[in-house]
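Raw structure.cif, mmCIF, C-alpha atoms and all ligand atoms:
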```cif
data_start
loop_
_atom_site.label_atom_id
_atom_site.label_comp_id
_atom_site.auth_asym_id
_atom_site.auth_seq_id
_atom_site.Cartn_x
_atom_site.Cartn_y
_atom_site.Cartn_z
CA MET A 1 -18.77 49.60 -30.63
CA GLY A 2 -20.98 49.11 -33.63
CA TRP A 3 -23.21 46.71 -31.78
CA THR A 4 -24.74 49.12 -29.38
CA THR A 5 -26.15 51.44 -31.97
CA TRP A 6 -28.86 49.31 -33.53
CA GLY A 7 -32.27 48.77 -32.08
CA TRP A 8 -35.70 47.27 -32.48
CA THR A 9 -38.54 49.54 -33.27
CA THR A 10 -41.17 46.86 -32.95
CA TRP A 11 -41.02 43.20 -32.03
CA GLY A 12 -41.21 41.71 -35.50
CA TRP A 13 -38.16 40.45 -37.33
CA THR A 14 -39.10 42.44 -40.37
CA THR A 15 -38.85 45.84 -38.79
CA TRP A 16 -35.47 45.77 -37.16
CA GLY A 17 -32.42 47.10 -38.83
CA TRP A 18 -28.72 47.18 -38.38
CA THR A 19 -27.46 50.70 -38.43
CA THR A 20 -23.93 49.54 -38.28
CA TRP A 21 -22.68 46.11 -39.17
CA ARG A 22 -19.01 45.83 -39.61
CA ARG A 23 -18.94 42.31 -40.90
CA GLY A 24 -21.03 42.63 -43.99
CA ALA A 25 -20.06 39.12 -45.05
CA LEU A 26 -22.08 37.65 -42.22
CA ALA A 27 -25.11 39.87 -42.39
CA ALA A 28 -26.55 38.53 -45.61
CA PRO A 29 -26.62 34.82 -44.73
CA LEU A 30 -27.86 35.70 -41.27
CA LEU A 31 -30.79 37.69 -42.56
CA ALA A 32 -31.54 35.08 -45.17
CA LEU A 33 -31.65 32.42 -42.49
CA VAL A 34 -33.87 34.41 -40.23
CA GLY A 35 -36.16 35.07 -43.17
CA CYS A 36 -36.53 31.43 -44.17
CA ALA A 37 -36.81 30.33 -40.58
CA ALA A 38 -39.73 32.69 -40.26
CA ALA A 39 -41.56 30.89 -43.07
CA GLU A 40 -41.22 27.39 -41.63
CA SER A 41 -39.38 25.54 -38.91
CA HIS A 42 -37.36 22.77 -40.42
CA GLU A 43 -34.37 20.52 -39.99
CA ALA A 44 -31.42 21.97 -41.85
CA PRO A 45 -28.09 20.31 -42.51
CA PRO A 46 -25.49 21.24 -39.88
CA LEU A 47 -24.46 24.81 -40.47
CA ALA A 48 -20.91 24.30 -39.36
CA SER A 49 -20.10 22.32 -42.47
CA ARG A 50 -21.25 25.22 -44.62
CA ILE A 51 -19.15 27.90 -42.94
CA PRO A 52 -16.29 29.19 -45.04
CA HIS A 53 -13.01 29.41 -43.23
CA GLU A 54 -12.53 33.13 -43.76
CA GLN A 55 -15.45 33.77 -41.41
CA LEU A 56 -13.54 32.62 -38.37
CA ALA A 57 -13.29 35.00 -35.45
CA THR A 58 -11.36 38.22 -35.86
CA ARG A 59 -10.64 41.21 -33.71
CA GLU A 60 -13.87 42.71 -34.95
CA ASP A 61 -15.91 40.13 -33.13
CA PRO A 62 -19.25 41.19 -31.71
CA ILE A 63 -18.15 39.83 -28.33
CA GLU A 64 -15.49 41.59 -26.30
CA PRO A 65 -13.30 40.17 -23.55
CA ILE A 66 -13.88 41.10 -19.91
CA PRO A 67 -11.08 43.38 -18.76
CA ARG A 68 -8.56 42.04 -16.28
CA GLY A 69 -7.95 43.96 -13.11
CA SER A 70 -10.08 46.78 -11.75
CA SER A 71 -9.86 50.31 -10.43
CA LEU A 72 -12.43 49.84 -7.66
CA ASP A 73 -11.52 51.04 -4.17
CA PRO A 74 -10.37 47.85 -2.38
CA ARG A 75 -11.56 49.11 1.01
CA ARG A 76 -15.09 49.54 -0.31
CA VAL A 77 -14.96 46.21 -2.12
CA ALA A 78 -13.97 44.51 1.16
CA LEU A 79 -16.73 46.26 3.09
CA GLY A 80 -19.30 45.35 0.45
CA ARG A 81 -18.13 41.74 0.54
CA GLN A 82 -18.75 41.63 4.28
CA LEU A 83 -22.22 43.16 3.94
CA PHE A 84 -23.14 40.85 1.09
CA ALA A 85 -22.64 37.86 3.39
CA ASP A 86 -24.17 39.45 6.52
CA LYS A 87 -27.49 37.99 7.69
CA ARG A 88 -28.20 41.08 9.77
CA LEU A 89 -29.35 42.72 6.55
CA SER A 90 -32.49 40.58 6.68
CA GLY A 91 -35.42 41.22 8.99
CA ASP A 92 -35.29 37.80 10.65
CA GLY A 93 -31.48 37.60 10.68
CA LYS A 94 -31.56 34.41 8.64
CA LYS A 95 -30.78 35.52 5.11
CA ALA A 96 -27.81 37.13 3.48
CA CYS A 97 -27.34 37.99 -0.19
CA THR A 98 -25.14 34.89 -0.36
CA THR A 99 -28.13 32.76 0.62
CA CYS A 100 -29.32 33.01 -2.98
CA HIS A 101 -26.20 34.28 -4.75
CA ASP A 102 -23.52 31.77 -3.83
CA LEU A 103 -20.14 32.82 -5.18
CA ALA A 104 -18.91 29.23 -5.21
CA ARG A 105 -21.77 28.26 -7.52
CA GLY A 106 -21.66 30.79 -10.31
CA GLY A 107 -23.39 33.52 -8.28
CA VAL A 108 -26.67 31.63 -7.89
CA VAL A 109 -28.22 28.98 -5.72
CA PRO A 110 -30.13 26.80 -8.15
CA GLY A 111 -33.86 26.95 -7.59
CA GLU A 112 -33.57 28.86 -4.29
CA ALA A 113 -35.90 31.78 -4.80
CA ARG A 114 -38.48 29.70 -6.59
CA SER A 115 -38.96 27.17 -3.85
CA THR A 116 -38.62 28.83 -0.47
CA HIS A 117 -41.50 31.26 -0.25
CA PRO A 118 -44.90 29.62 -0.07
CA ARG A 119 -46.57 33.00 0.44
CA ALA A 120 -45.10 34.49 -2.70
CA ALA A 121 -47.74 33.76 -5.26
CA PRO A 122 -47.10 33.46 -8.13
CA GLY A 123 -43.73 31.77 -7.64
CA PRO A 124 -40.74 34.11 -7.71
CA TYR A 125 -38.23 34.29 -10.50
CA ASN A 126 -35.29 32.03 -11.19
CA VAL A 127 -32.19 33.55 -9.52
CA PRO A 128 -29.87 35.37 -11.96
CA THR A 129 -26.16 35.48 -11.26
CA VAL A 130 -24.47 38.50 -9.69
CA PHE A 131 -21.32 37.88 -11.72
CA ASN A 132 -20.48 40.51 -14.34
CA VAL A 133 -23.45 42.68 -13.37
CA ALA A 134 -21.07 45.60 -13.88
CA PHE A 135 -21.65 45.14 -17.62
CA ASP A 136 -25.47 44.86 -17.67
CA PHE A 137 -27.45 47.90 -18.75
CA ARG A 138 -30.41 47.12 -16.46
CA TYR A 139 -31.15 44.82 -13.55
CA ASN A 140 -33.70 42.09 -12.89
CA TRP A 141 -35.48 40.02 -15.50
CA ASP A 142 -37.82 42.88 -16.33
CA GLY A 143 -34.96 45.39 -16.33
CA LYS A 144 -36.66 47.63 -13.80
CA TYR A 145 -33.48 49.09 -12.27
CA LYS A 146 -30.79 51.14 -13.96
CA THR A 147 -28.09 50.97 -11.31
CA LEU A 148 -27.00 48.49 -8.67
CA GLU A 149 -27.40 51.16 -6.02
CA GLU A 150 -31.02 51.66 -7.00
CA HIS A 151 -31.57 47.91 -7.21
CA LEU A 152 -30.49 47.13 -3.66
CA SER A 153 -33.77 48.11 -2.02
CA ALA A 154 -35.55 45.49 -4.14
CA PRO A 155 -34.12 42.35 -2.48
CA LEU A 156 -33.44 44.12 0.80
CA MET A 157 -36.97 45.37 1.44
CA SER A 158 -39.02 42.76 -0.38
CA PRO A 159 -41.09 40.85 2.17
CA VAL A 160 -40.36 37.60 0.35
CA VAL A 161 -36.61 38.12 -0.05
CA MET A 162 -34.81 39.82 2.89
CA ASN A 163 -37.75 41.61 4.52
CA GLY A 164 -35.32 44.26 5.78
CA GLY A 165 -38.05 46.37 7.42
CA GLY A 166 -37.11 49.80 6.05
CA TRP A 167 -33.82 51.69 5.87
CA LYS A 168 -33.92 52.97 9.43
CA ALA A 169 -34.17 49.44 10.75
CA VAL A 170 -31.39 48.15 8.48
CA VAL A 171 -29.03 50.97 9.46
CA ALA A 172 -29.84 50.41 13.15
CA ARG A 173 -29.01 46.69 12.89
CA LEU A 174 -25.64 47.38 11.25
CA GLU A 175 -24.57 50.54 13.07
CA ARG A 176 -22.63 49.13 15.99
CA ALA A 177 -20.81 46.40 14.15
CA TYR A 178 -19.92 48.50 11.12
CA ALA A 179 -19.38 52.12 12.18
CA SER A 180 -15.59 51.99 12.07
CA ALA A 181 -15.51 49.92 8.88
CA PHE A 182 -17.60 52.54 7.04
CA PHE A 183 -15.34 55.35 8.23
CA ALA A 184 -12.27 53.36 7.24
CA ALA A 185 -13.73 52.84 3.78
CA GLY A 186 -14.13 56.59 3.35
CA TYR A 187 -17.84 56.94 4.15
CA ARG A 188 -17.62 60.05 6.30
CA ASP A 189 -21.18 59.79 7.59
CA GLY A 190 -20.66 56.27 8.90
CA VAL A 191 -23.39 53.70 8.36
CA THR A 192 -26.06 55.22 6.11
CA ARG A 193 -28.40 54.05 3.39
CA HIS A 194 -26.15 55.69 0.85
CA GLY A 195 -23.05 53.98 2.23
CA ILE A 196 -24.69 50.56 2.27
CA GLU A 197 -25.97 50.95 -1.29
CA SER A 198 -22.61 52.17 -2.46
CA ALA A 199 -20.44 49.51 -0.79
CA ILE A 200 -22.60 46.58 -1.88
CA ALA A 201 -22.81 47.96 -5.43
CA ILE A 202 -19.04 48.42 -5.63
CA TYR A 203 -18.48 44.91 -4.34
CA GLN A 204 -20.87 43.51 -6.95
CA ARG A 205 -19.03 45.41 -9.67
CA SER A 206 -15.88 43.62 -8.55
CA LEU A 207 -17.47 40.24 -9.28
CA THR A 208 -16.22 39.91 -12.83
CA THR A 209 -15.03 36.69 -14.42
CA PRO A 210 -12.11 37.49 -16.72
CA ASP A 211 -9.93 35.02 -18.62
CA ALA A 212 -12.66 32.76 -19.95
CA LYS A 213 -11.27 30.49 -22.65
CA PHE A 214 -13.26 32.48 -25.21
CA ASP A 215 -11.73 35.76 -24.02
CA ARG A 216 -8.25 34.29 -24.21
CA TYR A 217 -9.14 33.15 -27.71
CA LEU A 218 -10.24 36.68 -28.62
CA ARG A 219 -6.93 37.98 -27.31
CA GLY A 220 -5.06 35.44 -29.40
CA GLU A 221 -3.76 33.58 -26.35
CA THR A 222 -5.37 30.23 -27.00
CA GLN A 223 -7.30 28.30 -29.61
CA LEU A 224 -10.81 26.95 -29.55
CA SER A 225 -11.43 23.30 -30.35
CA ASP A 226 -13.12 22.56 -33.68
CA ARG A 227 -16.42 21.97 -31.94
CA GLU A 228 -16.23 25.19 -29.91
CA ARG A 229 -15.38 27.24 -32.97
CA ALA A 230 -18.15 25.59 -34.97
CA GLY A 231 -20.53 26.40 -32.12
CA TYR A 232 -19.51 30.04 -32.19
CA GLU A 233 -20.05 30.20 -35.95
CA ILE A 234 -23.50 28.63 -35.62
CA PHE A 235 -24.28 31.05 -32.79
CA LYS A 236 -23.50 33.92 -35.15
CA ASN A 237 -25.01 32.47 -38.31
CA VAL A 238 -28.40 31.41 -36.97
CA GLY A 239 -28.78 34.77 -35.22
CA CYS A 240 -28.28 34.15 -31.47
CA ILE A 241 -25.72 36.93 -31.72
CA THR A 242 -28.37 39.49 -32.67
CA CYS A 243 -29.57 39.41 -29.08
CA HIS A 244 -26.61 38.00 -27.15
CA GLN A 245 -23.54 40.11 -27.90
CA GLY A 246 -21.20 42.72 -26.44
CA ILE A 247 -18.99 42.26 -23.45
CA ASN A 248 -21.60 40.24 -21.51
CA VAL A 249 -22.90 38.26 -24.48
CA GLY A 250 -26.26 39.78 -23.50
CA GLY A 251 -27.35 42.21 -20.83
CA ASN A 252 -27.71 45.16 -23.20
CA LEU A 253 -31.12 44.80 -24.87
CA PHE A 254 -34.78 44.17 -24.18
CA GLN A 255 -36.38 41.45 -26.28
CA ARG A 256 -39.56 39.49 -26.41
CA PHE A 257 -39.37 35.96 -25.02
CA GLY A 258 -41.11 34.06 -27.78
CA VAL A 259 -40.55 35.94 -31.03
CA MET A 260 -41.46 33.07 -33.36
CA ALA A 261 -43.48 30.77 -31.10
CA ASP A 262 -45.10 30.70 -27.66
CA ALA A 263 -42.11 30.55 -25.32
CA LEU A 264 -44.24 29.12 -22.51
CA ASP A 265 -45.25 26.13 -24.65
CA GLY A 266 -48.90 26.56 -23.81
CA ARG A 267 -48.37 26.94 -20.07
CA GLN A 268 -50.84 29.35 -18.46
CA PRO A 269 -48.99 32.69 -18.09
CA THR A 270 -48.67 34.18 -14.60
CA ARG A 271 -47.92 37.74 -13.55
CA LEU A 272 -44.17 37.10 -13.70
CA ASP A 273 -44.38 36.05 -17.35
CA MET A 274 -45.43 39.58 -18.28
CA GLY A 275 -41.84 40.83 -18.16
CA ARG A 276 -41.35 44.49 -18.82
CA PHE A 277 -45.07 45.11 -19.03
CA LEU A 278 -44.95 45.10 -15.22
CA VAL A 279 -42.64 48.10 -15.34
CA THR A 280 -44.12 50.17 -18.16
CA GLY A 281 -47.74 48.98 -18.41
CA LYS A 282 -47.40 49.14 -22.20
CA GLN A 283 -48.84 46.32 -24.26
CA ARG A 284 -45.80 46.21 -26.51
CA ASP A 285 -43.68 45.29 -23.47
CA MET A 286 -45.74 42.20 -22.71
CA ARG A 287 -43.36 39.22 -22.31
CA VAL A 288 -40.37 41.41 -23.08
CA PHE A 289 -37.34 40.70 -20.90
CA ARG A 290 -33.83 41.92 -20.57
CA VAL A 291 -31.70 39.58 -22.66
CA PRO A 292 -29.58 37.81 -20.04
CA SER A 293 -25.81 37.60 -20.17
CA LEU A 294 -24.50 34.20 -21.28
CA ARG A 295 -21.24 34.56 -19.38
CA ASN A 296 -20.76 31.55 -17.04
CA VAL A 297 -24.08 30.23 -18.27
CA ALA A 298 -22.81 26.64 -18.00
CA LEU A 299 -22.79 27.10 -14.20
CA THR A 300 -26.23 28.60 -13.66
CA ALA A 301 -28.88 26.00 -14.46
CA PRO A 302 -31.86 26.07 -14.51
CA TYR A 303 -32.52 28.63 -17.24
CA PHE A 304 -35.00 31.37 -18.18
CA HIS A 305 -36.92 33.68 -15.88
CA ASP A 306 -39.17 30.81 -14.84
CA GLY A 307 -36.41 28.21 -14.57
CA SER A 308 -38.26 26.12 -17.15
CA ALA A 309 -35.17 24.75 -18.93
CA ALA A 310 -33.32 22.29 -16.72
CA THR A 311 -30.21 21.97 -18.87
CA LEU A 312 -28.21 24.17 -21.18
CA ASP A 313 -29.03 21.86 -24.09
CA ASP A 314 -32.74 22.40 -23.44
CA ALA A 315 -32.29 26.17 -23.18
CA VAL A 316 -30.35 26.36 -26.46
CA ARG A 317 -32.87 24.18 -28.31
CA HIS A 318 -35.73 26.27 -26.97
CA MET A 319 -34.08 29.55 -27.97
CA GLY A 320 -33.54 28.31 -31.52
CA ARG A 321 -37.18 27.41 -31.85
CA VAL A 322 -38.99 30.23 -30.05
CA GLN A 323 -36.65 33.14 -30.81
CA LEU A 324 -35.52 32.21 -34.30
CA GLY A 325 -38.10 29.73 -35.57
CA TYR A 326 -35.23 27.38 -36.24
CA ILE A 327 -35.03 23.76 -35.15
CA LEU A 328 -31.37 23.17 -34.32
CA THR A 329 -29.95 19.73 -35.06
CA GLU A 330 -28.51 17.87 -32.09
CA HIS A 331 -25.07 18.43 -33.55
CA GLU A 332 -25.70 22.16 -33.66
CA VAL A 333 -27.04 22.18 -30.09
CA HIS A 334 -23.95 20.38 -28.80
CA SER A 335 -21.62 22.67 -30.70
CA ILE A 336 -23.34 25.80 -29.34
CA VAL A 337 -23.18 24.38 -25.82
CA ALA A 338 -19.45 23.68 -26.28
CA PHE A 339 -19.03 27.32 -27.32
CA LEU A 340 -21.09 28.57 -24.36
CA GLU A 341 -18.90 26.54 -22.01
CA THR A 342 -15.91 28.59 -23.17
CA LEU A 343 -17.62 31.65 -21.62
CA THR A 344 -16.94 30.38 -18.09
CA GLY A 345 -14.33 32.70 -16.62
CA ARG A 346 -12.22 32.89 -13.48
CA GLN A 347 -14.69 32.66 -10.60
CA PRO A 348 -14.47 35.39 -7.95
CA GLY A 349 -15.64 32.85 -5.33
CA THR A 350 -12.41 30.94 -5.70
CA ARG A 351 -10.05 33.79 -4.89
CA ARG A 352 -11.62 34.96 -1.69
C1 LIG B 1 -34.27 34.70 -1.57
C2 LIG B 1 -33.27 34.75 -2.60
C3 LIG B 1 -32.50 36.04 -2.85
C4 LIG B 1 -31.80 36.80 -1.94
C5 LIG B 1 -31.66 36.57 -0.44
C6 LIG B 1 -31.19 37.87 -2.70
N1 LIG B 1 -31.49 37.75 -4.02
FE1 LIG B 1 -30.75 38.88 -5.52
N2 LIG B 1 -32.03 38.01 -6.79
C7 LIG B 1 -32.90 36.98 -6.49
C8 LIG B 1 -33.86 36.82 -7.57
C9 LIG B 1 -34.98 35.80 -7.64
C10 LIG B 1 -33.56 37.82 -8.51
C11 LIG B 1 -34.34 38.16 -9.77
C12 LIG B 1 -35.37 39.18 -9.36
C13 LIG B 1 -36.14 39.79 -10.51
O1 LIG B 1 -35.75 39.66 -11.66
O2 LIG B 1 -37.16 40.46 -10.26
C14 LIG B 1 -32.38 38.53 -8.00
C15 LIG B 1 -31.72 39.54 -8.71
C16 LIG B 1 -30.59 40.17 -8.23
C17 LIG B 1 -29.76 41.07 -9.02
C18 LIG B 1 -29.97 41.43 -10.47
C19 LIG B 1 -29.14 40.53 -11.33
C20 LIG B 1 -29.43 40.72 -12.79
O3 LIG B 1 -28.87 39.98 -13.59
O4 LIG B 1 -30.21 41.59 -13.15
C21 LIG B 1 -28.78 41.52 -8.19
C22 LIG B 1 -27.68 42.50 -8.55
C23 LIG B 1 -29.00 40.94 -6.91
N3 LIG B 1 -30.10 40.10 -6.97
C24 LIG B 1 -28.28 41.24 -5.77
C25 LIG B 1 -28.69 40.84 -4.50
C26 LIG B 1 -28.19 41.43 -3.26
C27 LIG B 1 -27.17 42.55 -3.18
C28 LIG B 1 -28.80 40.78 -2.25
C29 LIG B 1 -28.66 41.04 -0.76
C30 LIG B 1 -29.07 42.37 -0.32
C31 LIG B 1 -29.68 39.78 -2.85
N4 LIG B 1 -29.61 39.88 -4.20
C32 LIG B 1 -30.43 38.87 -2.12
C33 LIG B 1 -32.86 36.22 -5.34
C34 LIG B 1 -32.31 36.65 -4.15
C1 LIG B 2 -34.71 37.79 -30.12
C2 LIG B 2 -33.66 37.81 -29.13
C3 LIG B 2 -32.98 36.49 -28.80
C4 LIG B 2 -32.39 35.59 -29.65
C5 LIG B 2 -32.31 35.65 -31.16
C6 LIG B 2 -31.82 34.57 -28.82
N1 LIG B 2 -32.05 34.84 -27.51
FE1 LIG B 2 -31.43 33.73 -25.92
N2 LIG B 2 -32.53 34.89 -24.68
C7 LIG B 2 -33.28 35.99 -25.06
C8 LIG B 2 -34.11 36.40 -23.95
C9 LIG B 2 -35.08 37.58 -23.94
C10 LIG B 2 -33.87 35.51 -22.90
C11 LIG B 2 -34.54 35.50 -21.52
C12 LIG B 2 -35.80 34.65 -21.62
C13 LIG B 2 -36.58 34.58 -20.34
O1 LIG B 2 -36.34 33.70 -19.55
O2 LIG B 2 -37.44 35.39 -20.11
C14 LIG B 2 -32.85 34.57 -23.40
C15 LIG B 2 -32.29 33.55 -22.64
C16 LIG B 2 -31.31 32.68 -23.09
C17 LIG B 2 -30.67 31.67 -22.28
C18 LIG B 2 -30.92 31.42 -20.80
C19 LIG B 2 -30.02 32.30 -19.97
C20 LIG B 2 -30.29 32.18 -18.48
O3 LIG B 2 -29.42 32.60 -17.72
O4 LIG B 2 -31.37 31.72 -18.07
C21 LIG B 2 -29.78 31.01 -23.09
C22 LIG B 2 -28.85 29.88 -22.71
C23 LIG B 2 -29.88 31.60 -24.41
N3 LIG B 2 -30.81 32.62 -24.36
C24 LIG B 2 -29.16 31.20 -25.52
C25 LIG B 2 -29.50 31.56 -26.82
C26 LIG B 2 -29.04 30.88 -28.01
C27 LIG B 2 -28.07 29.71 -28.04
C28 LIG B 2 -29.64 31.50 -29.07
C29 LIG B 2 -29.56 31.10 -30.52
C30 LIG B 2 -30.02 29.74 -30.82
C31 LIG B 2 -30.44 32.58 -28.53
N4 LIG B 2 -30.34 32.58 -27.17
C32 LIG B 2 -31.15 33.47 -29.32
C33 LIG B 2 -33.24 36.60 -26.29
C34 LIG B 2 -32.76 36.00 -27.45
#
```
Final structure tokens representation of the file:
Amino acid sequence: MGWTTWGWTTWGWTTWGWTTWRRGALAAPLLALVGCAAAESHEAPPLASRIPHEQLATREDPIEPIPRGSSLDPRRVALGRQLFADKRLSGDGKKACTTCHDLARGGVVPGEARSTHPRAAPGPYNVPTVFNVAFDFRYNWDGKYKTLEEHLSAPLMSPVVMNGGGWKAVVARLERAYASAFFAAGYRDGVTRHGIESAIAIYQRSLTTPDAKFDRYLRGETQLSDRERAGYEIFKNVGCITCHQGINVGGNLFQRFGVMADALDGRQPTRLDMGRFLVTGKQRDMRVFRVPSLRNVALTAPYFHDGSAATLDDAVRHMGRVQLGYILTEHEVHSIVAFLETLTGRQPGTRR
């Protein structure tokens, strides 16, 4: 995959470079656009009308389809599914993972974590989806965790999320009900921290959303509408693709939120706007976040780490302006949104 090999050395547009770019035809206009956008924000004529036909999607696309099927152990997936929905994980017995990550609603509960904890100052993050986390390179908005196993303690032990009360207490609460299920799933030591981390992580890896219209298009099984295809071309040509690409259309890079303009629109920053700085303490990581996946993004409003964009239109418009210094026309916004809607795949919540 050519896309994984390039990187930013600093946060300016001038210093990044493609080490591999297989579609040379696109690179030049893209860079030119980014360059002129940097000089001034302006209304441009709709890009779609300027896109030559030979630049339509090919097998070399910078986005790859989500594989169908999986090789995960079904016994462990089933055990993890049960745990994920079990309120005994939480200290007060009132919250399960599904309380905030509802499989029937794109893997999120809109607004949940931001509203329910008066003691959590400053307000917690917008809830990201658990769908397709198998393909993310890091977890949480600041990308603090490298694996799902490692990540589990974060929601489980956080006093404002599950308040689990330490691993001994969690294991004790689950032991009686789950002992035989853990043995049956091949965890020879029964209910342990390791087994809980493993089963829930394996279950989460099973939550993929294959067969999105866009993936079927990439496989040559269906066609996009004119608007969807135009949206995809704009997405590539204005440069969204530089940050949102790969199998998850994101989830594989760290980037600053607000490359070309203040992403908070003058709002007073709080601790949670510091992004990766919270993890590394390095000034260059201030307001740097993991680029989120755009898979199923049509289902997961509101948007951004602070939930500040209520609709997908707003989020797309904002991205154009603050990440690319480019004011998208309404036509371009609607086309991009039509393209993003084709990234909604088969929902795991519906085949339970
Ligand atoms: C009170 C709401 C709430 C509950 C309950 C909750 N989460 Fe979350 N979850 C969140 C929020 C908010 C974030 C983002 C946290 C951050 O970025 O620091 C998150 C992030 C995640 C992520 C990272 C997703 C990504 O894209 O990086 C995973 C995986 C996850 N949660 C799994 C779980 C599991 C497993 C449980 C149960 C043990 C759980 N969550 C319980 C609200 C919740
Ligand atoms: C320089 C990298 C970069 C570019 C270019 C970029 N994005 Fe983003 N995108 C990000 C980051 C980082 C975030 C997370 C921002 C946050 O909330 O902290 C994000 C978030 C988003 C979200 C919200 C996802 C969610 O689940 O909340 C959408 C939608 C989005 N981008 C679409 C686009 C579109 C459309 C374009 C092109 C107009 C674009 N992005 C260009 C880096 C980028």
Q | Separation of atom C4 of ligand LIG 2 (chain B) from CA of Gln347 in chain A, in Å and rounded to one decimal | A |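 Going from atom C4 of ligand LIG 2 (chain B) over to CA of Gln347 in chain A covers 26.2 Å.
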Q: Would you please work out which residue, of A:Ala184, A:Leu224, A:Val297, A:Val191, is nearest to ligand LIG 1 (chain B) when using all atoms listed in the file?
A: A:Val297
Q: May I have the residues at most 7 Å from (-25.8, 26.5, -30.3) in the file's coordinates, counting only C-alpha atoms, as a ChimeraX atom specification?
A: /A:231,234-235,316,332-337
Q.
Hey, which residues sit close to ligand LIG 2 (chain B)? Say within 7 Å, counting all atoms listed in the file, and write them as a PyMOL selection string.
A. chain A and resi 128+141+235+238-244+254-257+259+288-294+297+300+302-306+312+315-317+319-320+323-324+336
Q: Work out how far apart CA of Ile202 in chain A and CA of Thr129 in chain A are and give it in Å to one decimal.
A: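 Separation of CA of Ile202 in chain A and CA of Thr129 in chain A: 15.8 Å.
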Q: Just the residues within 12 Å of range 170-181 of chain A, please, counting all atoms listed in the file, with nothing from its chain fewer than 3 positions along; format it as an MDAnalysis selection string.
A: chainID A and resid 75:83 86:93 153 156:157 162:167 184:197 199
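The spacing separating atom C17 of ligand LIG 1 (chain B) from CA of Cys97 in chain A amounts to 9.7 Å.
Distances here use all atoms listed in the file; by that measure, the residue among A:Glu330, A:Asp313, A:Glu150, A:Asp226 closest to ligand LIG 1 (chain B) is A:Glu150.
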Q.
Using only C-alpha atoms and all ligand atoms for the distances, tell me which of A:Ser70, A:Gln245, A:Ser158, A:Thr208 is nearest to ligand LIG 1 (chain B).
A. A:Ser158
Q.
Counting only C-alpha atoms, which residues sit no farther than 8 Å from the position (-39.1, 39.8, -8.1) in the file's frame? I'd like them as a PyMOL selection string.
A. chain A and resi 124-125+140+154-155
Q. Which residue, A:Ala201, A:Val322, A:Cys100, A:Leu253, has the smallest gap to Arg276 in chain A when you use only C-alpha atoms?
A. A:Leu253
Q | Nearest to ligand LIG 1 (chain B), chosen from A:Thr344, A:Thr222, A:Ser71, A:Thr147, with all atoms listed in the file counted in the distances | A |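 Distance minimum relative to ligand LIG 1 (chain B) lands on A:Thr147.
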Q) When distances are computed from all atoms listed in the file, which of A:Arg138, A:Arg68, A:His318, A:Arg227 shows the smallest separation from ligand LIG 1 (chain B)? A) A:Arg138
Q) Leaving out Thr98 in chain A and any residue of its chain fewer than 3 positions from it, which residues lie within 6 Å of it when counting all atoms listed in the file, given as a list in words? A)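 Close residues of Thr98 in chain A: Ala85, His101 and Asp102 of chain A.
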